[in-house]
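Down below is the structure, laid out as structure tokens.
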Protein chains: 2
Amino acid sequence: MAADITESVPVSPWWGWAPATAGGVLPEGARKVLGERLGIDPNAQVAGPPPEVTAADLPDSTLTDDALGALAGAAATGTVSQDPADRMQHAAGKHTPDLIRQREARPLAVPDAVVSVGATSEVRDILAACLAHDIAVVPFGGGSSVVGGVTPLRGGHASVIALDLTRLNALIELNETDRTATFEPGIRGPEIEHALAARGFTLGHIPQSHQQATLGGYAATRSAGQASTGYGAIAELITGITLETPSGPLVLGGRAPASAAGPDLKHLVIGSEGTIGVITEVTVAISRRVTEKTYGAWAFSSFEAGAAAIRALAQDGAKGDLPDVCRLSDEEETELTLAQSDGTPVRLLRRWLSSRGIDTPALLLGVWEGTDADTKRRHKRAAKILKAHGAVSATTSPAQAWDRGRFSSPRLRDELLTIGVMVDTLETAATWSKLAETHTAVAEAIRGALAGGPGGSEAKPAAVQGHISHVYRDGASLYYTFIAAAEDDMVAQYERVKAAANAAILAQGATITHHHAVGTEHAAMLPAEIGELGVRVLRAVKQELDPAGIMNPGKLV
Amino acid sequence: MAADITESVPVSPWWGWAPATAGGVLPEGARKVLGERLGIDPNAQVAGPPPEVTAADLPDSTLTDDALGALAGAAATGTVSQDPADRMQHAAGKHTPDLIRQREARPLAVPDAVVSVGATSEVRDILAACLAHDIAVVPFGGGSSVVGGVTPLRGGHASVIALDLTRLNALIELNETDRTATFEPGIRGPEIEHALAARGFTLGHIPQSHQQATLGGYAATRSAGQASTGYGAIAELITGITLETPSGPLVLGGRAPASAAGPDLKHLVIGSEGTIGVITEVTVAISRRVTEKTYGAWAFSSFEAGAAAIRALAQDGAKGDLPDVCRLSDEEETELTLAQSDGTPVRLLRRWLSSRGIDTPALLLGVWEGTDADTKRRHKRAAKILKAHGAVSATTSPAQAWDRGRFSSPRLRDELLTIGVMVDTLETAATWSKLAETHTAVAEAIRGALAGGPGGSEAKPAAVQGHISHVYRDGASLYYTFIAAAEDDMVAQYERVKAAANAAILAQGATITHHHAVGTEHAAMLPAEIGELGVRVLRAVKQELDPAGIMNPGKLV
């Protein structure tokens with residue numbers, strides 16, 4: 001059974017990803033492998049759940065009664081809350097260092113209030129009230145940012161609010177003729193799919209954050225989903241977008257499928273991360289609901305050989321041959337995946353691959369989605385090209401297991417942190433001609449950073465695994481998971497890894513982020529990516545749309 | 001035989017499209033039909049070729065010796081010319097009113113000098129010299145703009161130069177691994193295809209202006225080609241772009257196939273029409289060279305029925321089923337096409353369609369391009385879907401005739417102007433749900449404008465024909481050709497039509513241009529398209545990159 005993409009789950013707790021009732025999702029096989037690899041007791045509980053938070057734990061709100069009154073008046077059908085639980089819930093996204101700090105009850109910025117918007121039409125008045133009372137505004141959707149995108153920074157203003165948009169979750173229009181749907185910005189992934197499924201459609205944008213993230217957040221962060229190889233990333237799916245800025249509304253696109261009427265300003269809003277305004281409406285291309293899935297799995301003699309095969313498929317296959325989901329694990333990730341299972345199928349697979357000369361396999365998973373037997377035809381044609389490039393058929397059970405557990409990894413992070421394991425992911429993308437080198441350089445940088453403990457202390461055992469998750473004609477993404485026994489200062493340990501990885505990424509000329517966005521985490525690297533002049537252009541746009549600088553200070557630029 | 005897309009032709013003369021040696025390209029059948037329809041003598045020569053231009057005919061250059069010296073110093077390996085022929089050659093693009101004015105020897109703005117750039121590295125110094133001497137700069141590629149995009153307006157500056165980029169025509173790098181090619185900006189369409197064909201590749205971006213236009217111009221105008229339904233428009237093909245601005249260089253993209261590092265600034269450069277800087281380098285995605293073409297032609301009972309069938313193919317066909325070239329003529333265009341041929345095949349076609357109940361057919365032409373028999377498979381699957389939606393097979397000879405004559409229409413304009421026929425094209429795009437209504441409204445607006453002669457005079461006979469030329473999942477483009485016996489003031493006649501068409505387009509909520517760009521022609525309509533705030537954003541970007549406002553004044557914003 002594939003995971004149900006229309007199924008809503010409870011909202012994440014403030015200290016992690018999993019609902020408070022969850023726990024124990026780490027499979028026994030994974031627990032065993034981690035214990036061996038990291039030299040830890042995988043059943044120990046090093047860090048308990050974080051303590052309850054009361055008003056006494058939080059800094060006083062700096063909002064004056066006047067300001068609170070103005071916000072309440074503007075958010076006529078919404079709410080303005082200074083409740084400690086609400087403030088904590090909006091104090092951070094799911095950035096690992098923030099979660100670690102929260103678990104350790106370290107001081108963390110919190111918003112002075114949470115304004116929950118009841119109607120799109122109120123956003124304009126709320127921004128006006130914030131301008132009048134010198135209040136910074138952090139648009140807040142699913143709160144799933146892993147790059148500090150919703151950190152409530154004041155940016156020199158008197159106060160800061162989180163603007164919660166999740167009550168704006170309506171399907172405004174489904175236009176079957178245009179094959180588009182217009183939504184309010186705060187609708188979450190499962191709600192999108194639920195609303196579309198009822199009419200026989202899908203968006204097909206399913207990032208790992210799907211169960212929490214919102215459509216406005218997808219747009220604001222230039223998101224890519226797990227099936228974006230097939231459906232396109234959010235920037236390709238958005239046909240129209242409305243942004244409410246402190247300078248007024250921007251209504252872009254929606255008139256025509258394409259236009260030469262000057263630069264396409266939609267692309268200034270997509271990826272703007274809340275720094276120029278609040279996205280209030282998004283129109284997206286939709287597809288017929290998926291009724292058929294064909295899974296495929298192949299092994300290659302190396303990650304590099306697998307990448308070359310995928311490249312051939314992307315460049316010389318017919319349109320549609322590429323699977324909608326396309327993931328190639330490197331040798332280390334493949335080994336860790338296989339090691340978690342002691343079963344007979346894996347033993348047989350290892351033996352079969354070994355007989356074909358593959359002892360350190362790199363595993364490729366593919367999912368072809370569609371509405372009919374066409375998925376089988378696409379799979380068959382792809383298999384022919386892949387085999388011509390050294391692919392050896394493997395069991396599809398890992399592909400099906402991936403589809404079942406596709407939303408579970410963020411929950412594993414919670415549990416690993418609990419048992420004293422520092423874990424996180426980072427990602428980049430590169431053109432094919434520098435992909436293999438970039439992969440090696442980044443993985444080595446992470447390993448090197450983990451090996452070099454603080455103050456010359458002994459290095460903790462670690463595992464670093466990578467995969468390609470998004471495939472293009474001219475290149476692919478690279479996604480890394482790093483897992484290590486926690487040092488005393490886990491935040492410092494994390495930051496050491498990120499600094500090393502970022503340096504390697506920039507040295508290779510790759511992008512600092514393929515789909516995690518910039519936030520506070522990558523802002524310092526943006527000039528290296530788009531140049532100082534590029535940053536000046538973004539600042540000029542911000543200056544025009546948000547001259548007072550109240551929108552999401554400290555992010556992006 | 002399809003037209004050879006690698007074949008270079010002589011540069012257009014300053015007064016029209018055709019090389020001076022051409023002439024008589026109007027087929028006999030077309031000549032006959034036009035004579036009948038428009039009530040003119042199609043063999044009369046009303047307007048001869050325009051007179052020669054001498055220095056005495058042109059305004060004196062306002063460039064000082066100092067300014068000329070600075071330009072010459074900056075364009076070290078280039079040239080600075082004040083020759084009357086050079087100035088006239090760069091006085092206008094191929095905007096019909098400009099061509100009419102030139103034929104009538106009406107006063108026209110001309111650049112004070114033409115600076116031909118010899119090396120990309122010189123652009124920066126040239127811009128510095130222009131800043132120092134208050135000189136406006138009009139980047140000039142193929143000069144094929146039909147919207148006044150290269151009109152040499154001073155914009156309040158002391159002088160204006162045309163910056164001719166056509167000597168910058170090198171293939172800088174062909175990266176077979178990434179399947180991308182990097183070119184200098186001034187390379188023309190046939191030169192691009194010639195360079196790529198030698199290595200087995202194609203860009204697949206073939207607008208009607210292909211033989212004259214340059215890659216930098218494609219990028220600057222957000223161009224779409226005749227096969228963009230298959231290959232994607234230029235905005236989708238560009239993976240990296242470099243812009244030299246008065247504030248410095250912007251180097252965008254090229255690091256990775258996709259990125260979430262903030263807004264995609266490439267899309268601010270694509271469509272910027274020379275108003276923020278000079279494009280100096282473009283990297284594009286390339287495809288395997290086409291070796292197979294499969295042609296298809298079908299008739300529908302009406303344009304609307306044909307549009308519905310194409311929509312079904314675009315939305316529910318498998319990827320690749322849509323033909324790379326996809327053109328659906330309305331009933332009037334189909335009739336004019338058929339009327340130009342008295343041959344037996346057309347008589348048989350009419351009889352066959354009539355037997356199927358189709359008396360006023362709308363003809364669909366498709367070309368499936370590729371590298372092998374896959375084109376036949378795609379064609380077959382598409383035919384099945386089209387037939388399920390009322391398509392009746394027709395002879396493919398019109399599709400093949402289109403492919404042979406795909407670059408000839410602009411030459412016909414020259415000849416028609418000569419025989420006293422006012423002719424031009426205009427275009428828009430709309431979402432499917434408003435496509436039929438938009439088509440009717442725009443065609444009616446054009447007909448109405450042509451029917452209402454100046455000062456209540458009797459209307460001249462006219463023909464107005466339309467077609468869909470670019471197909472998307474959410475809509476399609478609409479392209480119109482209007483032909484009428486010339487009034488005394490052809491420019492006024494033209495402007496009456498354009499004003500009526502623009503008003504209809506905006507009233508329908510469609511885009512003011514799908515692929516002709518903004519230039520001077522559509523600048524007044526841009527606020528209706530992207531909002532006053534959208535225009536302010538473009539101005540803010542221009543202010544940052546071109547604070548003195550020397551770049552292509554009067555265009556876009």
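Labeling convention for the structure tokens: chains A, B, ... as they appear, residues from 1 per chain, ligands from 1 in order of appearance.
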Could you list, with a cut-off of 7 Å and counting only C-alpha atoms, the residues of chain B near chain A, each shown with its nearest atom pair and the distance in Å rounded to one decimal, rows sorted by chain and ascending number, as a tab-separated table?
```
residue	atom	partner	partner_atom	distance
B:Thr177	CA	A:Ser433	CA	5.6
B:Asp178	CA	A:Asp474	CA	4.5
B:Arg179	CA	A:Asp474	CA	6.0
B:Thr221	CA	A:Ala260	CA	6.5
B:Arg222	CA	A:Ala260	CA	5.2
B:Ser223	CA	A:Ala260	CA	6.8
B:Leu250	CA	A:Leu533	CA	6.4
B:Val251	CA	A:Ile530	CA	6.9
B:Leu252	CA	A:Ile530	CA	6.1
B:Arg255	CA	A:Ala510	CA	4.9
B:Ala256	CA	A:Ala430	CA	4.2
B:Pro257	CA	A:Gly475	CA	5.2
B:Ala258	CA	A:His514	CA	6.2
B:Ser259	CA	A:His514	CA	4.2
B:Ala260	CA	A:Ala517	CA	4.8
B:Ala261	CA	A:Ala517	CA	5.5
B:Gly262	CA	A:Gly271	CA	4.6
B:Pro263	CA	A:Gly271	CA	4.5
B:Asp264	CA	A:His267	CA	5.8
B:His267	CA	A:Pro263	CA	5.8
B:Leu268	CA	A:Pro263	CA	4.9
B:Val269	CA	A:Pro263	CA	6.7
B:Ile270	CA	A:Pro263	CA	5.9
B:Gly271	CA	A:Pro263	CA	4.5
B:Ser272	CA	A:Pro263	CA	5.7
B:Lys319	CA	A:Gly320	CA	5.4
B:Gly320	CA	A:Lys319	CA	5.4
B:Ala429	CA	A:Ala256	CA	5.3
B:Ala430	CA	A:Ala256	CA	4.2
B:Thr431	CA	A:Ala256	CA	5.0
B:Trp432	CA	A:Asp178	CA	5.3
B:Ser433	CA	A:Thr177	CA	5.6
B:Tyr472	CA	A:Pro257	CA	6.4
B:Asp474	CA	A:Asp178	CA	4.5
B:Gly475	CA	A:Pro257	CA	5.2
B:Ala476	CA	A:Pro257	CA	6.5
B:Gly509	CA	A:Arg255	CA	5.7
B:Ala510	CA	A:Arg255	CA	4.9
B:Thr511	CA	A:Arg255	CA	5.8
B:Ile512	CA	A:Ala261	CA	6.7
B:Thr513	CA	A:Ala260	CA	5.5
B:His514	CA	A:Ser259	CA	4.2
B:His515	CA	A:Ala260	CA	4.9
B:His516	CA	A:Ala260	CA	6.6
B:Ala517	CA	A:Ala260	CA	4.8
B:Val518	CA	A:Ala261	CA	5.6
B:Leu526	CA	A:Ala261	CA	6.9
B:Ile530	CA	A:Leu252	CA	6.1
B:Gly531	CA	A:Leu250	CA	6.9
B:Leu533	CA	A:Leu250	CA	6.4
B:Gly534	CA	A:Leu250	CA	6.4
B:Val537	CA	A:Val541	CA	6.0
B:Ala540	CA	A:Ala540	CA	6.0
B:Val541	CA	A:Val537	CA	6.0
B:Glu544	CA	A:Val537	CA	6.5
B:Leu556	CA	A:Gly262	CA	6.7
```
Name all residues at most 12 Å from Asp424 (chain B) (count only C-alpha atoms; drop same-chain ones fewer than 2 positions away) and give them as a PyMOL selection string.
-> chain B and resi 94-97+99-100+146-147+409-414+416-417+421-422+426-427+446+462-466+479-484+486+490-491+493-495+497-498
Those residues you just picked out, can you put them in a file as a compact mmCIF listing (two decimals), in the first residue's frame with N, CA and C atoms?
```txt
# COMPACT_ATOMS: atom_id res chain seq x y z
N LYS B 94 11.00 45.53 -37.84
CA LYS B 94 10.08 45.19 -38.93
C LYS B 94 8.63 45.41 -38.51
N HIS B 95 8.42 46.48 -37.77
CA HIS B 95 7.10 46.88 -37.32
C HIS B 95 6.39 47.47 -38.55
N THR B 96 5.24 46.97 -38.90
CA THR B 96 4.58 47.39 -40.14
C THR B 96 4.45 48.91 -40.28
N PRO B 97 3.99 49.63 -39.24
CA PRO B 97 3.89 51.09 -39.41
C PRO B 97 5.24 51.73 -39.76
N LEU B 99 7.69 50.25 -41.41
CA LEU B 99 7.99 49.91 -42.80
C LEU B 99 7.18 50.79 -43.75
N ILE B 100 5.92 51.02 -43.39
CA ILE B 100 5.09 51.89 -44.23
C ILE B 100 5.68 53.30 -44.27
N VAL B 146 8.69 43.30 -34.31
CA VAL B 146 7.49 43.82 -34.96
C VAL B 146 6.69 44.71 -34.00
N VAL B 147 7.32 45.09 -32.88
CA VAL B 147 6.61 45.93 -31.91
C VAL B 147 7.40 47.19 -31.54
N SER B 409 6.23 34.09 -45.08
CA SER B 409 5.18 35.08 -44.85
C SER B 409 5.69 36.51 -44.71
N PRO B 410 6.77 36.74 -43.93
CA PRO B 410 7.21 38.14 -43.82
C PRO B 410 7.60 38.74 -45.18
N ARG B 411 8.07 37.90 -46.10
CA ARG B 411 8.41 38.42 -47.43
C ARG B 411 7.15 38.81 -48.19
N LEU B 412 6.07 38.05 -47.94
CA LEU B 412 4.81 38.37 -48.62
C LEU B 412 4.34 39.78 -48.23
N ARG B 413 4.61 40.14 -46.98
CA ARG B 413 4.19 41.47 -46.54
C ARG B 413 4.79 42.56 -47.43
N ASP B 414 6.10 42.43 -47.70
CA ASP B 414 6.75 43.41 -48.59
C ASP B 414 5.99 43.53 -49.90
N LEU B 416 2.93 42.57 -50.68
CA LEU B 416 1.56 43.06 -50.56
C LEU B 416 1.54 44.58 -50.40
N LEU B 417 2.47 45.09 -49.59
CA LEU B 417 2.53 46.55 -49.44
C LEU B 417 2.76 47.20 -50.80
N VAL B 421 -1.77 46.64 -50.66
CA VAL B 421 -2.51 45.86 -49.65
C VAL B 421 -1.87 46.08 -48.29
N MET B 422 -2.70 46.47 -47.34
CA MET B 422 -2.22 46.61 -45.96
C MET B 422 -2.36 45.26 -45.29
N LEU B 426 -1.22 39.98 -35.66
CA LEU B 426 -1.17 40.27 -34.23
C LEU B 426 -1.54 39.00 -33.50
N GLU B 427 -1.27 38.96 -32.23
CA GLU B 427 -1.44 37.69 -31.53
C GLU B 427 -1.74 37.90 -30.05
N ILE B 446 -11.22 43.20 -35.13
CA ILE B 446 -10.39 43.55 -36.29
C ILE B 446 -11.29 43.83 -37.50
N ALA B 462 -11.84 43.34 -46.85
CA ALA B 462 -10.76 42.84 -46.00
C ALA B 462 -10.93 41.35 -45.75
N ALA B 463 -9.85 40.75 -45.32
CA ALA B 463 -9.90 39.35 -44.88
C ALA B 463 -9.20 39.27 -43.54
N VAL B 464 -9.81 38.55 -42.62
CA VAL B 464 -9.25 38.38 -41.28
C VAL B 464 -9.25 36.90 -40.97
N GLN B 465 -8.07 36.36 -40.77
CA GLN B 465 -7.97 34.93 -40.51
C GLN B 465 -7.17 34.68 -39.25
N GLY B 466 -7.47 33.57 -38.58
CA GLY B 466 -6.79 33.29 -37.31
C GLY B 466 -6.41 31.84 -37.17
N TYR B 479 -3.43 33.66 -33.20
CA TYR B 479 -2.62 34.47 -34.11
C TYR B 479 -3.50 34.90 -35.27
N TYR B 480 -3.48 36.18 -35.59
CA TYR B 480 -4.35 36.73 -36.63
C TYR B 480 -3.54 37.37 -37.75
N THR B 481 -4.01 37.17 -38.96
CA THR B 481 -3.50 37.91 -40.10
C THR B 481 -4.66 38.73 -40.65
N PHE B 482 -4.43 40.03 -40.81
CA PHE B 482 -5.49 40.86 -41.40
C PHE B 482 -4.94 41.51 -42.67
N ILE B 483 -5.77 41.48 -43.69
CA ILE B 483 -5.37 41.90 -45.03
C ILE B 483 -6.50 42.77 -45.57
N ALA B 484 -6.14 43.95 -46.02
CA ALA B 484 -7.19 44.85 -46.54
C ALA B 484 -6.62 45.72 -47.65
N ALA B 486 -5.49 48.91 -49.15
CA ALA B 486 -4.92 50.01 -48.37
C ALA B 486 -5.77 51.26 -48.46
N MET B 490 -2.21 54.39 -44.53
CA MET B 490 -2.12 53.00 -44.08
C MET B 490 -1.73 52.88 -42.62
N VAL B 491 -0.93 53.82 -42.14
CA VAL B 491 -0.53 53.77 -40.73
C VAL B 491 -1.75 53.96 -39.85
N GLN B 493 -4.79 53.30 -40.69
CA GLN B 493 -5.61 52.10 -40.86
C GLN B 493 -5.10 50.98 -39.93
N TYR B 494 -3.78 50.80 -39.94
CA TYR B 494 -3.16 49.80 -39.07
C TYR B 494 -3.47 50.09 -37.61
N GLU B 495 -3.28 51.35 -37.22
CA GLU B 495 -3.43 51.68 -35.80
C GLU B 495 -4.87 51.52 -35.33
N VAL B 497 -6.88 49.21 -36.38
CA VAL B 497 -7.05 47.77 -36.15
C VAL B 497 -6.42 47.36 -34.82
N LYS B 498 -5.19 47.80 -34.61
CA LYS B 498 -4.48 47.39 -33.40
C LYS B 498 -5.21 47.86 -32.15
```
Selection: 9 Å around Asn169 (chain A), only C-alpha atoms, excl. self and same-chain fewer than 4 positions, as a PyMOL selection string | chain A and resi 165+183-188+191-192+214
Figure out the distance between CA of Ser397 (chain A) and CA of Val346 (chain A), please, to one decimal in Å.
->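 Atom-to-atom, CA of Val346 (chain A) and CA of Ser397 (chain A) are spaced 10.0 Å apart.
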Among region 154-337 of chain B, which residues carry a DSSP assignment of alpha helix (DSSP H), reported as a ChimeraX atom specification?
-> /B:189-197,215-220,228-231,234-237,266-269,303-316,331-337
